[in-house]
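For reference, the structure is listed below as structure tokens.
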Amino acid sequence: MDAPCQFNPRETRPMDRIPILKLGDALLVTIQVDMHDRLAMALEEDLTTRIVEPGAKGVLIDISALEIVDSFIGRTLANIAMIAKLLDADTVVVGMRPAVAITLVELGLSLPGVRTALNAERGMAMIKRRLDDAAMVPADEDEGGS
Amino acid sequence: MARNTVPIHAGEDVVRVRQETRRCAIEAGFGLVDQTKIVTAASELARNTLDHGGGGQAIIDIVQNGAKRGVRIVFEDNGPGIPDIALALKDGYTTGKGMGLGLGGARRLCSEFAIESLPGKGTRIIITRWK
Amino acid sequence: MAKPASRLPVILAESAKLILADWLATLKATPDARLPATELETQCDSIVTRLAQACRDGNVSSVGAASFATLRDILTELSRTRALQGFSPVETATFILSLKQPLFARLRAVYSAEPERLATEMLTVSELIDALGLFMMETYQRAREEVIIRQQAEISELSTPVVKLWQGILALPLIGTLDSARTQVAMENLLDSIVRYEADIAIIDITGVPTVDTLVAQHLLKTVAAARLMGADCIISGIRPQIAQTMVHLGVELNVVSKANLSDAFALALRRLGKTVVNHGRPVPVQPT
């Protein structure tokens with residue numbers, strides 16, 4: 001792990017928080033447990049704190065272990081995406097299972113502001129591409145590319 | 001027939017409702033997609049019971065109708081009740097921080113959906129999904 | 001038109017053993033290897049017992065009533081087993097219809113001096129056993145239908161294969177009339193394949209589909225939406241002019257790129273993935289010289 005879990009005088013103990021890894025330009029979160037309210041809140045807080053670290057330009061959330069995504073979890077993901085956007089970072093959700101995708105469509109849940117990719121590798125490529133695009137300055141022909 | 005009553009008073013209980021529903025769905029022979037749909041609906045309604053109903057319980061059963069097998073769940077609470085049910089079933093309607101899809105969305109995931117609610121008298125929602 | 005109440009309940013209660021013995025004798029006269037003697041005896045015994053009970057508790061002409069429920073359950077189980085064991089419809093029906101003979105025999109004995117009563121009672125028995133026979137036929141049919149449905153599901157699974165056209169590009173050629181069940185299976189297969197092959201683009205080709213109704217169109221749309229949620233995208237190809245017209249009239253809006261045929265869709269998919277087909281100038285002759 002890049003940074004140690006912070007101890008904070010809140011309800012959840014450090015072990016109850018979902019770990020966040022720094023991978024290149026992105027923060028990587030792997031959700032593997034059935035998330036309940038406090039855990040989701042803690043994740044939001046932790047991500048918000050760490051997005052403003054130098055070099056954190058994107059958030060990659062791996063939900064390949066999630067068998068269920070209900071509107072609460074959907075809201076959490078959308079919130080994270082909105083917060084990240086305000087802090088100038090992209091959010092990509094990866095690994096959604098087919099059964100989950102079918103159910104979300106039936107539920108009528110779209111994830112506003114959330115990009116999706118098939119797996120972590122594609123998600124990272126997506127984040128990197130956007131950074132590259134953003135770095136390209138629209139200038140005259142004389143100047144080079146990114 | 002498996003009968004399970006899960007009290008809903010905390011976030012962890014919503015997880016328990018999901019687990020019990022999953023167990024019953026598997027026992028009733030549901031395929032993966034059908035399992036996911038009923039467990040997701042159960043999750044939505046359990047959260048509603050917790051967030052809006054002040055806590056309550058879920059009773060999860062396997063049911064049979066002729067050759068069909070299904071899962072039925074009754075959500076009960078003694079909360080403030082829902083004043084306008086039709087409105088609550090509309091997508092986008094939310095009293096909380098939700099994405100406003102709880103009731104309407106859950107209904108779409110079920111084969112049968114019945115709701116009784118009176119202001120001050122609590123709420124009772126019965127959902128069924130057939131195989 | 002007042003009929004004196006049927007004495008059948010009493011006759012059944014008093015002569016159950018006799019009727020059973022008679023019935024078994026008839027059945028055993030043509031033994032069937034699929035039904036060993038002990039099993040046959042158990043089945044007939046429970047039928048006669050329940051029949052007596054049902055007639056006593058209820059009305060002999062109301063086979064559908066609650067009093068006959070246990071008997072119906074037994075007959076349902078029996079006809080299902082026979083259906084699955086491969087008995088013919090005639091064999092299944094004959095089994096229960098052959099109960100008429102022993103009952104008639106008892107009636108003749110009881111009403112030997114009252115020909116009119118005898119006629120009425122025989123009619124009652126006939127109607128009762130016929131009703132039970134029809135009931136068994138119905139459940140037999142249903143059991144056979146369940147087998148067919150299960151086989152159809154298997155065909156569904158097998159007949160909607162997903163094809164990998166290129167690295168990252170899948171095709172799902174749908175053929176034939178699409179019903180709700182088949183479409184759902186095909187769509188689930190497609191989404192699973194997207195994960196398995198790590199596909200970016202899935203082409204759903206409906207050249208071989210004669211009609212698309214609103215339900216199927218909705219399934220297609222939901223599949224496209226689900227694929228997008230997973231990080232892939234879809235292209236629909238092969239929409240026929242008639243289908244296009246029908247869909248517009250039905251008010252179906254396909255919020256997805258549509259190409260006339262599979263090869264156009266494939267070309268688009270390649271372009272999207274940044275690939276192109278290059279002529280390297282050294283073709284190999286198709287037919288060897």
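Residue numbers start at 1 in each chain; chains themselves are named A, B, ... in the order of the structure tokens; ligands are numbered from 1 in the order shown.
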With the cut-off set at 12 Å and counting only C-alpha atoms, tabulate each residue of chain B with an atom at most that distance from an atom of chain C, showing the nearest atom pair and its distance in Å to one decimal, ordered by chain and increasing number, as JSON lines.
```
{"residue": "B:Gly31", "atom": "CA", "partner": "C:Val185", "partner_atom": "CA", "distance": 11.0}
{"residue": "B:Leu32", "atom": "CA", "partner": "C:Glu188", "partner_atom": "CA", "distance": 10.1}
{"residue": "B:Val33", "atom": "CA", "partner": "C:Glu188", "partner_atom": "CA", "distance": 8.5}
{"residue": "B:Asp34", "atom": "CA", "partner": "C:Gln184", "partner_atom": "CA", "distance": 11.5}
{"residue": "B:Gly66", "atom": "CA", "partner": "C:Arg142", "partner_atom": "CA", "distance": 11.2}
{"residue": "B:Ala67", "atom": "CA", "partner": "C:Glu146", "partner_atom": "CA", "distance": 9.4}
{"residue": "B:Lys68", "atom": "CA", "partner": "C:Glu146", "partner_atom": "CA", "distance": 11.4}
```
Output the contact residues of chain A with respect to chain C at a cut-off of 10 Å, based on only C-alpha atoms, as a PDB file with C-alpha atoms, in the first residue's frame.
```pdb
ATOM      1  CA  VAL A  92     -13.882   4.969 -14.338  1.00  0.00           C
ATOM      2  CA  VAL A  93     -15.851   2.033 -13.015  1.00  0.00           C
ATOM      3  CA  VAL A  94     -14.575  -1.316 -14.239  1.00  0.00           C
ATOM      4  CA  GLY A  95     -15.542  -4.944 -14.122  1.00  0.00           C
ATOM      5  CA  MET A  96     -19.315  -4.705 -13.948  1.00  0.00           C
ATOM      6  CA  ARG A  97     -20.777  -8.209 -14.178  1.00  0.00           C
ATOM      7  CA  PRO A  98     -23.339  -8.974 -16.909  1.00  0.00           C
ATOM      8  CA  ALA A  99     -26.083  -9.906 -14.431  1.00  0.00           C
ATOM      9  CA  VAL A 100     -25.494  -6.636 -12.601  1.00  0.00           C
ATOM     10  CA  ALA A 101     -25.564  -4.632 -15.835  1.00  0.00           C
ATOM     11  CA  ILE A 102     -28.817  -6.269 -16.920  1.00  0.00           C
ATOM     12  CA  THR A 103     -30.378  -5.576 -13.518  1.00  0.00           C
ATOM     13  CA  LEU A 104     -29.259  -1.950 -13.479  1.00  0.00           C
ATOM     14  CA  VAL A 105     -30.831  -1.409 -16.879  1.00  0.00           C
ATOM     15  CA  GLU A 106     -34.065  -2.981 -15.637  1.00  0.00           C
ATOM     16  CA  SER A 110     -27.840   5.019 -15.213  1.00  0.00           C
ATOM     17  CA  LEU A 111     -24.633   6.199 -13.611  1.00  0.00           C
ATOM     18  CA  VAL A 114     -19.382   7.632 -14.545  1.00  0.00           C
ATOM     19  CA  ARG A 115     -17.352   6.163 -17.351  1.00  0.00           C
ATOM     20  CA  THR A 116     -17.096   2.418 -17.569  1.00  0.00           C
ATOM     21  CA  ALA A 117     -14.548  -0.022 -18.893  1.00  0.00           C
ATOM     22  CA  LEU A 118     -14.356  -3.779 -19.057  1.00  0.00           C
ATOM     23  CA  ASN A 119     -11.387  -4.201 -16.738  1.00  0.00           C
ATOM     24  CA  ARG A 122      -8.731  -0.718 -20.016  1.00  0.00           C
ATOM     25  CA  GLY A 123      -9.780   1.674 -17.278  1.00  0.00           C
TER      26      GLY A 123
END
```
B:Gly53, B:Gly29, B:Gly79, B:Gly11: which is nearest chain A, counting only C-alpha atoms?
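For chain A, the nearest of the given residues is B:Gly11.
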I need the contact residues of chain A against chain B, so if you could list those with any atom within 8 Å, counting only C-alpha atoms, and return them as JSON, numbers by chain, that would help.
{"A": [34, 35, 36, 37, 38, 67, 68, 69, 70, 71, 72, 75, 99, 100, 102, 103, 106, 107, 108, 109]}
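You will find atom CA of A:Asp16 at 22.1 Å from atom CA of A:Ala81.
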Between A:Ile80, A:Leu39, A:Val52, A:Leu60, single out the one closest to A:Ile20, counting only C-alpha atoms.
A:Leu60
Can you work out the spacing between atom CA of A:Lys57 and atom CA of A:Ile127 in Å, to one decimal?
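Those two atoms sit 7.9 Å apart.
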Hey, what's within 12 Å of C:Gln85 if we count only C-alpha atoms and toss same-chain stuff fewer than 6 positions away? As a list in words, please?
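Answer for this query is Ala33, Arg34, Leu35, Leu78, Ser79, Glu91, Thr92, Tyr140, Ala143, Arg144 and Val147 of chain C.
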Written selection (N, CA and C atoms) as a PDB file, in the first residue's frame:
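part14.pdb, freshly written:
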```pdb
ATOM      1  N   ALA C  33     -43.914 -54.604 -17.751  1.00  0.00           N
ATOM      2  CA  ALA C  33     -42.618 -54.679 -17.069  1.00  0.00           C
ATOM      3  C   ALA C  33     -42.253 -53.355 -16.396  1.00  0.00           C
ATOM      4  N   ARG C  34     -42.782 -52.251 -16.940  1.00  0.00           N
ATOM      5  CA  ARG C  34     -42.441 -50.948 -16.377  1.00  0.00           C
ATOM      6  C   ARG C  34     -43.092 -50.714 -15.026  1.00  0.00           C
ATOM      7  N   LEU C  35     -44.103 -51.536 -14.720  1.00  0.00           N
ATOM      8  CA  LEU C  35     -44.831 -51.322 -13.471  1.00  0.00           C
ATOM      9  C   LEU C  35     -44.857 -52.623 -12.671  1.00  0.00           C
ATOM     10  N   LEU C  78     -49.139 -39.720 -10.586  1.00  0.00           N
ATOM     11  CA  LEU C  78     -49.105 -40.945 -11.390  1.00  0.00           C
ATOM     12  C   LEU C  78     -48.982 -40.641 -12.884  1.00  0.00           C
ATOM     13  N   SER C  79     -49.776 -39.685 -13.379  1.00  0.00           N
ATOM     14  CA  SER C  79     -49.714 -39.419 -14.815  1.00  0.00           C
ATOM     15  C   SER C  79     -48.391 -38.772 -15.200  1.00  0.00           C
ATOM     16  N   GLU C  91     -52.397 -45.799 -22.725  1.00  0.00           N
ATOM     17  CA  GLU C  91     -52.093 -46.651 -21.564  1.00  0.00           C
ATOM     18  C   GLU C  91     -52.437 -45.932 -20.272  1.00  0.00           C
ATOM     19  N   THR C  92     -52.099 -44.637 -20.230  1.00  0.00           N
ATOM     20  CA  THR C  92     -52.346 -43.866 -19.014  1.00  0.00           C
ATOM     21  C   THR C  92     -53.842 -43.756 -18.752  1.00  0.00           C
ATOM     22  N   TYR C 140     -51.025 -35.486 -17.760  1.00  0.00           N
ATOM     23  CA  TYR C 140     -50.058 -36.198 -18.607  1.00  0.00           C
ATOM     24  C   TYR C 140     -49.526 -35.259 -19.681  1.00  0.00           C
ATOM     25  N   ALA C 143     -47.165 -32.652 -18.356  1.00  0.00           N
ATOM     26  CA  ALA C 143     -45.834 -33.191 -18.064  1.00  0.00           C
ATOM     27  C   ALA C 143     -45.017 -33.277 -19.352  1.00  0.00           C
ATOM     28  N   ARG C 144     -45.682 -33.726 -20.428  1.00  0.00           N
ATOM     29  CA  ARG C 144     -44.987 -33.806 -21.710  1.00  0.00           C
ATOM     30  C   ARG C 144     -44.565 -32.431 -22.198  1.00  0.00           C
ATOM     31  N   VAL C 147     -41.394 -31.172 -20.709  1.00  0.00           N
ATOM     32  CA  VAL C 147     -40.196 -31.731 -21.342  1.00  0.00           C
ATOM     33  C   VAL C 147     -39.853 -30.915 -22.586  1.00  0.00           C
TER      34      VAL C 147
END
```
Contacts of stretch 16-22 of chain C at 7 Å or less, counting only C-alpha atoms, minus same-chain residues fewer than 2 places along, as a PyMOL selection string?
chain C and resi 12-14+24-26+44-45+48+102-103
Surrounding residues of A:Gly55 excluding itself and chain neighbours under 3 positions, 8 Å, only C-alpha atoms, as a PDB file with N, CA and C atoms, in the first residue's frame:
```pdb
ATOM      1  N   GLY A  24       0.127   4.699 -10.622  1.00  0.00           N
ATOM      2  CA  GLY A  24       0.384   5.671 -11.680  1.00  0.00           C
ATOM      3  C   GLY A  24      -0.331   6.965 -11.364  1.00  0.00           C
ATOM      4  N   ASP A  25      -1.168   7.389 -12.313  1.00  0.00           N
ATOM      5  CA  ASP A  25      -1.881   8.650 -12.103  1.00  0.00           C
ATOM      6  C   ASP A  25      -3.240   8.459 -11.454  1.00  0.00           C
ATOM      7  N   ALA A  26      -3.501   7.228 -11.088  1.00  0.00           N
ATOM      8  CA  ALA A  26      -4.855   6.963 -10.617  1.00  0.00           C
ATOM      9  C   ALA A  26      -4.888   6.408  -9.211  1.00  0.00           C
TER      10      ALA A  26
END
```
Spatial neighbours of B:Ile127, 8 Å, only C-alpha atoms, chain gap at least 6 places, as a list of chain:residue names
B:Arg72, B:Ile73, B:Val74, B:Arg107, B:Cys110, B:Ser111, B:Glu112, B:Phe113, B:Ala114
Output C-alpha atoms of each residue in that selection to a file, as a PDB file, in the first residue's frame.
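Dumped to out-v2.pdb:
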```
ATOM      1  CA  ARG B  72     -41.664 -13.853  -1.858  1.00  0.00           C
ATOM      2  CA  ILE B  73     -40.552 -11.188   0.579  1.00  0.00           C
ATOM      3  CA  VAL B  74     -42.675  -9.118   2.922  1.00  0.00           C
ATOM      4  CA  ARG B 107     -41.209  -2.950  -8.763  1.00  0.00           C
ATOM      5  CA  CYS B 110     -40.385  -8.152  -9.547  1.00  0.00           C
ATOM      6  CA  SER B 111     -43.140 -10.286 -11.029  1.00  0.00           C
ATOM      7  CA  GLU B 112     -45.610  -9.125  -8.383  1.00  0.00           C
ATOM      8  CA  PHE B 113     -45.546  -6.024  -6.223  1.00  0.00           C
ATOM      9  CA  ALA B 114     -48.091  -4.998  -3.616  1.00  0.00           C
TER      10      ALA B 114
END
```
Report as a list of chain:residue names all protein, DNA and RNA residues lying within 8 Å of C:Thr160, evaluated on only C-alpha atoms, omitting residues in the same chain fewer than 6 positions from it.
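Contacts, with the query itself left out: C:Leu172, C:Pro173, C:Leu174, C:Ile175, C:Ala186, C:Asn189.
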So that I can check the secondary structure, give me every residue of stretch 22-127 of chain B assigned strand (DSSP E) by backbone DSSP, as number ranges by chain.
B: 56-65, 68-77, 112-118, 122-127
